[in-house]
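Novice: Quick one: the structure is below, and I'll ask about it shortly.
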2 protein chains.
Amino acid sequence: MTSAPGSPGDVLTLISAGSATTRSDLARLTGLARSTISQRVDALIERGLVSETGSGESTGGRPPRQLRLHTADHAFAGVDLGATHCRIALMDISGDVLAECEDPLLIAEGPETVLAHVDERLDGLLAEAGHPRAALKAIGMGVPGPVEFATGRPNNPPIMPGWNDYPIPEHFAGCAVLVDNDVNVMALGEHRNAYPGADHLLFVKIGTGIGCGIVAEGKLHRGAQGSAGDIGHIRVSGHEEAGCRCGNSACLEAVAGGAAVARRLTELGTPAESGAEVVALVQAGNTQALRLVREAGRLIGEVLAGLVNFFNPEVIVIGGALSRVHEHLLAGIKETVYRRSLPLATHHLSIVPSRTGINAAALGAGILAIENYLSPENINRIVNA
Amino acid sequence: MTSAPGSPGDVLTLISAGSATTRSDLARLTGLARSTISQRVDALIERGLVSETGSGESTGGRPPRQLRLHTADHAFAGVDLGATHCRIALMDISGDVLAECEDPLLIAEGPETVLAHVDERLDGLLAEAGHPRAALKAIGMGVPGPVEFATGRPNNPPIMPGWNDYPIPEHFAGCAVLVDNDVNVMALGEHRNAYPGADHLLFVKIGTGIGCGIVAEGKLHRGAQGSAGDIGHIRVSGHEEAGCRCGNSACLEAVAGGAAVARRLTELGTPAESGAEVVALVQAGNTQALRLVREAGRLIGEVLAGLVNFFNPEVIVIGGALSRVHEHLLAGIKETVYRRSLPLATHHLSIVPSRTGINAAALGAGILAIENYLSPENINRIVNA
DNA sequence: CTACTTCCGCCGATAATCAAACAAAGATCT
DNA sequence: AGATCTTTGTTTGATTATCGGCGGAAGTAG
């Protein structure tokens, strides 16, 4: 055959995606002979990548043996490094969480300190899950700043002093390390877990700052310099007075980020220090906080309306700290987007709160690691070794 | 081998892209044995897809025989339908223009009339180039409105009365027809002709309206509903008074499009009816027109600055009627983009005028047709037939 | 003119894939 | 319950694709 989509890696991809759970499925989907598929599957089983899990339902004949990813013997880590925290999820190859942990950790302490902490926690989680260190096949990591994805080096990150150009993967020997911006891994996690069928998705994180992860054709769009999605410094109209830390004025982040809302609330007589405190006030029923959050939603919506026209996504997911009061935030966002975007683009557009919640980044980072390990090229390499 | 990138279609893709011009090149690039490559190339030659064109330079031994796409026996058409014109380029398989034509033609006359006209012109061009009708393998078409690309049906196009949901491909029997938005095909043409190495490119067309074609990872991004790139209705700050035909106000198109500039110029006492007249005034040295064009550039730049932060392109190409005075337009655009976008995103960003000029759309449409024909799947189908 | 290099086609050996026969395991019919 | 049917999975010999080496072709370098 010519464009045969049937290498061992492709077979495993189909199993992994859930598109095929039996040998017959695989034969049908790939167009290869049943015997060839059996041989491929045997190779994958021998390598410990696939296992048989009993029989399925008969459809009138012999019941097929079910195939699944072999969850033992492999472990993957998703690491979420924030400005002040570190969350790690240890996952098996199918993406289920085996163990997780969360600590306060200042990223400003620099790469050596922080990564040593991560390493220690990884050992703990592996022990907890009963895996030897060698079982850890890949690590995904989300960091709060721009990263050159190909090399895993932070690229002039504003809030990660000491990390610029630091080669993070070299800190972990013997296992692949994928480093990306935190919003990107959140977008990936949300897409894979909640909207796997959507071709184009935006994940908007509204915390202290505002960022956006872009999934185009099912893959992360990182842009030419890996800085795509940095929507926090897009200009919004009518707020020329708001100065931003980036040096410009009227940036989205400077008028609708968690810090900005807290500041405006303070100016109006209700003291608030951070986005978290704003959330608490809203949850306590403070109408002024509520009004400001809704107004922030409108401003974010103004920017998103433009991006909807430009990018035409299928789903926009709202996440981050402020999304914990998403009813009010979403109301403002939707109101503006549906008013300012073109009908063709909004007709099938969903704007929804994040489903993966607080662990979005760690889970997404783990998925990044798993998908890298399960890529056809890597699997073919393993099987042929 | 396992993930063998070496089907006949892939081999042809390498030849077509200019990545390989000899059998040795192909063997090196694909990793296949020289004998296998020879066999593949023979099959392609036999099918009339590739031809040998003399010997190349020797590097110390026998000189390699050069391989090229076989330009005879195949013809492709790129059709550019505008509101009031029809341009067609007849191209060979390598993208060279064999014949072209241009007529005034009102798209509002409806699909039957317009497509009959196209068909007639196609016969004329084929005759001019000495090709039988059967040589026409595929037609690419750019139209001034949104299109459902998969089916070639216009999707509620505002300025194409009678075309909504009309199945354009069915009008041309026996040959593949690819229909897309005009800005998309312009972006494709500019990318392939002038910036083939750029991963991410935006083509901004500034005419009566304003639109944008998006190339992401070398491929057109059309969005969920095929409406991506519709940036003409993104809001710009400080122009709430400007009403737009879309029903909103302060749309980019309503303040910086060719029609808008002409209107403002008229208000200032210099009568102008269209973008073309504005261009003429600028070229004649009218300082008021010049100032307004530059101001339009600033407004466009404001929107583009946001898109640069979001999408992080490598190249932004400015085309369309108003770009004929691109010095002034570009000055305004660059000024604002470099001021309002993040340094990381602008560091390696080029903002340049279109190189393909008036024929951008027809050429891009032809490339769309050729690439569809040269897709590995299609070539494998042909070779295995 | 003679070595040396590179390119290319031929050909037997090797490896991948297939199709068909066969065995297994359950459903269905009588 | 037993025979038959249906679907799954394995085995096997045949077919096909690919490889790697050999030799001729067509140049360069000394």
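Each chain of the structure tokens is named A, B, ... in the order shown, its residues numbered from 1; ligands are numbered from 1 in display order.
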Kindly provide the residues of chain B that approach chain C to within 9 Å, each paired with its closest atom pair and their distance in Å to one decimal, based on only C-alpha atoms (C1' of nucleotides), listed by chain and increasing number, as JSON lines.

Specialist:
{"residue": "B:Arg23", "atom": "CA", "partner": "C:DC7", "partner_atom": "C1'", "distance": 8.6}
{"residue": "B:Ser24", "atom": "CA", "partner": "C:DC7", "partner_atom": "C1'", "distance": 7.8}
{"residue": "B:Arg34", "atom": "CA", "partner": "C:DC8", "partner_atom": "C1'", "distance": 8.4}
{"residue": "B:Ser35", "atom": "CA", "partner": "C:DG9", "partner_atom": "C1'", "distance": 7.8}
{"residue": "B:Ser38", "atom": "CA", "partner": "C:DC8", "partner_atom": "C1'", "distance": 7.9}
{"residue": "B:Ser58", "atom": "CA", "partner": "C:DT6", "partner_atom": "C1'", "distance": 8.0}
{"residue": "B:Thr59", "atom": "CA", "partner": "C:DT6", "partner_atom": "C1'", "distance": 7.4}
{"residue": "B:Gly60", "atom": "CA", "partner": "C:DT5", "partner_atom": "C1'", "distance": 5.5}
{"residue": "B:Gly61", "atom": "CA", "partner": "C:DT6", "partner_atom": "C1'", "distance": 3.9}
{"residue": "B:Arg62", "atom": "CA", "partner": "C:DT6", "partner_atom": "C1'", "distance": 4.8}
{"residue": "B:Pro63", "atom": "CA", "partner": "C:DC7", "partner_atom": "C1'", "distance": 6.6}
{"residue": "B:Pro64", "atom": "CA", "partner": "C:DC7", "partner_atom": "C1'", "distance": 5.8}
{"residue": "B:Arg65", "atom": "CA", "partner": "C:DC7", "partner_atom": "C1'", "distance": 8.2}

Novice: Check the DSSP output for the backbone and give back, as a list in words, the residues of segment 63-93 of chain B in strand (DSSP E).

Specialist: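 Put together, the selection reads Arg65, Gln66, Leu67, Arg68, Leu69, Ala75, Phe76, Ala77, Gly78, Val79, Asp80, Leu81, His85, Cys86, Arg87, Ile88, Ala89, Leu90 and Met91 of chain B.
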
Novice: Give me, as an MDAnalysis selection string, the residues of chain D touching chain B, with the criterion being at most 10 Å (counting only C-alpha atoms (C1' of nucleotides)).

Specialist: chainID D and resid 17:20 25:29

Novice: Output N, CA, C and O atoms (P, O5', C5', C4', C3', O3' and C1' of nucleotides) for every residue in the selection just made, as a PDB file, in the first residue's frame.

Specialist:
ATOM      1  P    DA D  17       4.198  -3.879  -4.628  1.00  0.00           P
ATOM      2  O5'  DA D  17       5.241  -3.479  -3.497  1.00  0.00           O
ATOM      3  C5'  DA D  17       4.791  -3.410  -2.151  1.00  0.00           C
ATOM      4  C4'  DA D  17       5.953  -3.061  -1.238  1.00  0.00           C
ATOM      5  C3'  DA D  17       6.861  -1.939  -1.736  1.00  0.00           C
ATOM      6  O3'  DA D  17       7.181  -1.124  -0.619  1.00  0.00           O
ATOM      7  C1'  DA D  17       8.133  -3.931  -1.421  1.00  0.00           C
ATOM      8  P    DT D  18       7.991   0.227  -0.802  1.00  0.00           P
ATOM      9  O5'  DT D  18       9.456  -0.173  -0.356  1.00  0.00           O
ATOM     10  C5'  DT D  18       9.653  -0.742   0.930  1.00  0.00           C
ATOM     11  C4'  DT D  18      11.036  -1.328   1.040  1.00  0.00           C
ATOM     12  C3'  DT D  18      12.161  -0.395   0.567  1.00  0.00           C
ATOM     13  O3'  DT D  18      12.896   0.015   1.708  1.00  0.00           O
ATOM     14  C1'  DT D  18      12.485  -2.657  -0.133  1.00  0.00           C
ATOM     15  P    DC D  19      14.204   0.904   1.557  1.00  0.00           P
ATOM     16  O5'  DC D  19      15.330  -0.233   1.571  1.00  0.00           O
ATOM     17  C5'  DC D  19      15.242  -1.259   2.557  1.00  0.00           C
ATOM     18  C4'  DC D  19      16.401  -2.218   2.414  1.00  0.00           C
ATOM     19  C3'  DC D  19      17.749  -1.547   2.187  1.00  0.00           C
ATOM     20  O3'  DC D  19      18.684  -2.082   3.096  1.00  0.00           O
ATOM     21  C1'  DC D  19      17.327  -3.165   0.479  1.00  0.00           C
ATOM     22  P    DG D  20      19.992  -1.244   3.493  1.00  0.00           P
ATOM     23  O5'  DG D  20      21.167  -2.097   2.830  1.00  0.00           O
ATOM     24  C5'  DG D  20      20.993  -3.491   2.636  1.00  0.00           C
ATOM     25  C4'  DG D  20      22.029  -4.028   1.673  1.00  0.00           C
ATOM     26  C3'  DG D  20      23.256  -3.143   1.449  1.00  0.00           C
ATOM     27  O3'  DG D  20      24.386  -3.986   1.315  1.00  0.00           O
ATOM     28  C1'  DG D  20      22.161  -3.481  -0.599  1.00  0.00           C
ATOM     29  P    DA D  25      28.151   1.159 -20.154  1.00  0.00           P
ATOM     30  O5'  DA D  25      27.758   2.543 -19.478  1.00  0.00           O
ATOM     31  C5'  DA D  25      26.406   2.763 -19.051  1.00  0.00           C
ATOM     32  C4'  DA D  25      26.261   4.195 -18.561  1.00  0.00           C
ATOM     33  C3'  DA D  25      26.999   5.237 -19.412  1.00  0.00           C
ATOM     34  O3'  DA D  25      26.187   6.394 -19.514  1.00  0.00           O
ATOM     35  C1'  DA D  25      27.789   5.329 -17.181  1.00  0.00           C
ATOM     36  P    DA D  26      26.508   7.467 -20.585  1.00  0.00           P
ATOM     37  O5'  DA D  26      27.208   8.614 -19.744  1.00  0.00           O
ATOM     38  C5'  DA D  26      26.486   9.237 -18.690  1.00  0.00           C
ATOM     39  C4'  DA D  26      27.416  10.111 -17.905  1.00  0.00           C
ATOM     40  C3'  DA D  26      28.415  10.908 -18.771  1.00  0.00           C
ATOM     41  O3'  DA D  26      28.426  12.255 -18.353  1.00  0.00           O
ATOM     42  C1'  DA D  26      29.529   9.797 -17.031  1.00  0.00           C
ATOM     43  P    DG D  27      28.807  13.429 -19.345  1.00  0.00           P
ATOM     44  O5'  DG D  27      29.281  14.595 -18.386  1.00  0.00           O
ATOM     45  C5'  DG D  27      30.645  14.809 -18.165  1.00  0.00           C
ATOM     46  C4'  DG D  27      30.967  14.582 -16.694  1.00  0.00           C
ATOM     47  C3'  DG D  27      32.339  15.102 -16.280  1.00  0.00           C
ATOM     48  O3'  DG D  27      32.250  16.471 -15.945  1.00  0.00           O
ATOM     49  C1'  DG D  27      31.882  12.955 -15.319  1.00  0.00           C
ATOM     50  P    DT D  28      33.586  17.360 -16.002  1.00  0.00           P
ATOM     51  O5'  DT D  28      34.362  16.875 -14.690  1.00  0.00           O
ATOM     52  C5'  DT D  28      33.794  17.115 -13.395  1.00  0.00           C
ATOM     53  C4'  DT D  28      34.805  16.724 -12.325  1.00  0.00           C
ATOM     54  C3'  DT D  28      36.122  17.506 -12.392  1.00  0.00           C
ATOM     55  O3'  DT D  28      36.529  17.868 -11.084  1.00  0.00           O
ATOM     56  C1'  DT D  28      36.566  15.176 -12.560  1.00  0.00           C
ATOM     57  P    DA D  29      37.804  18.807 -10.909  1.00  0.00           P
ATOM     58  O5'  DA D  29      38.964  17.751 -10.629  1.00  0.00           O
ATOM     59  C5'  DA D  29      38.846  16.852  -9.523  1.00  0.00           C
ATOM     60  C4'  DA D  29      40.172  16.152  -9.289  1.00  0.00           C
ATOM     61  C3'  DA D  29      41.407  17.038  -9.482  1.00  0.00           C
ATOM     62  O3'  DA D  29      42.394  16.696  -8.517  1.00  0.00           O
ATOM     63  C1'  DA D  29      41.484  15.251 -11.039  1.00  0.00           C
TER      64       DA D  29
END

Novice: So that I can check the surroundings of segment 226-243 of chain B, please list as a ChimeraX atom specification every protein, DNA and RNA residue that reaches within 7 Å of it, counting only C-alpha atoms (C1' of nucleotides) and ignoring chain neighbours fewer than 6 positions away.

Specialist: /A:236-238,306,309-312,344-345 /B:146-149,209-214,249-255,299,303

Novice: Which of these, B:Glu190, B:Glu102, B:Asp10, B:Asp182, has the shortest distance to chain A once you count only C-alpha atoms?

Specialist: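 For chain A, the nearest of the given residues is B:Asp10.
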
Novice: Give the helix (DSSP H, G or I) residues of segment 92-262 of chain A, as DSSP finds them on the backbone, and put them as a PyMOL selection string.

Specialist: chain A and resi 107-109+111-129+133-135+168-171+182-194+231-233+252-256+258-262
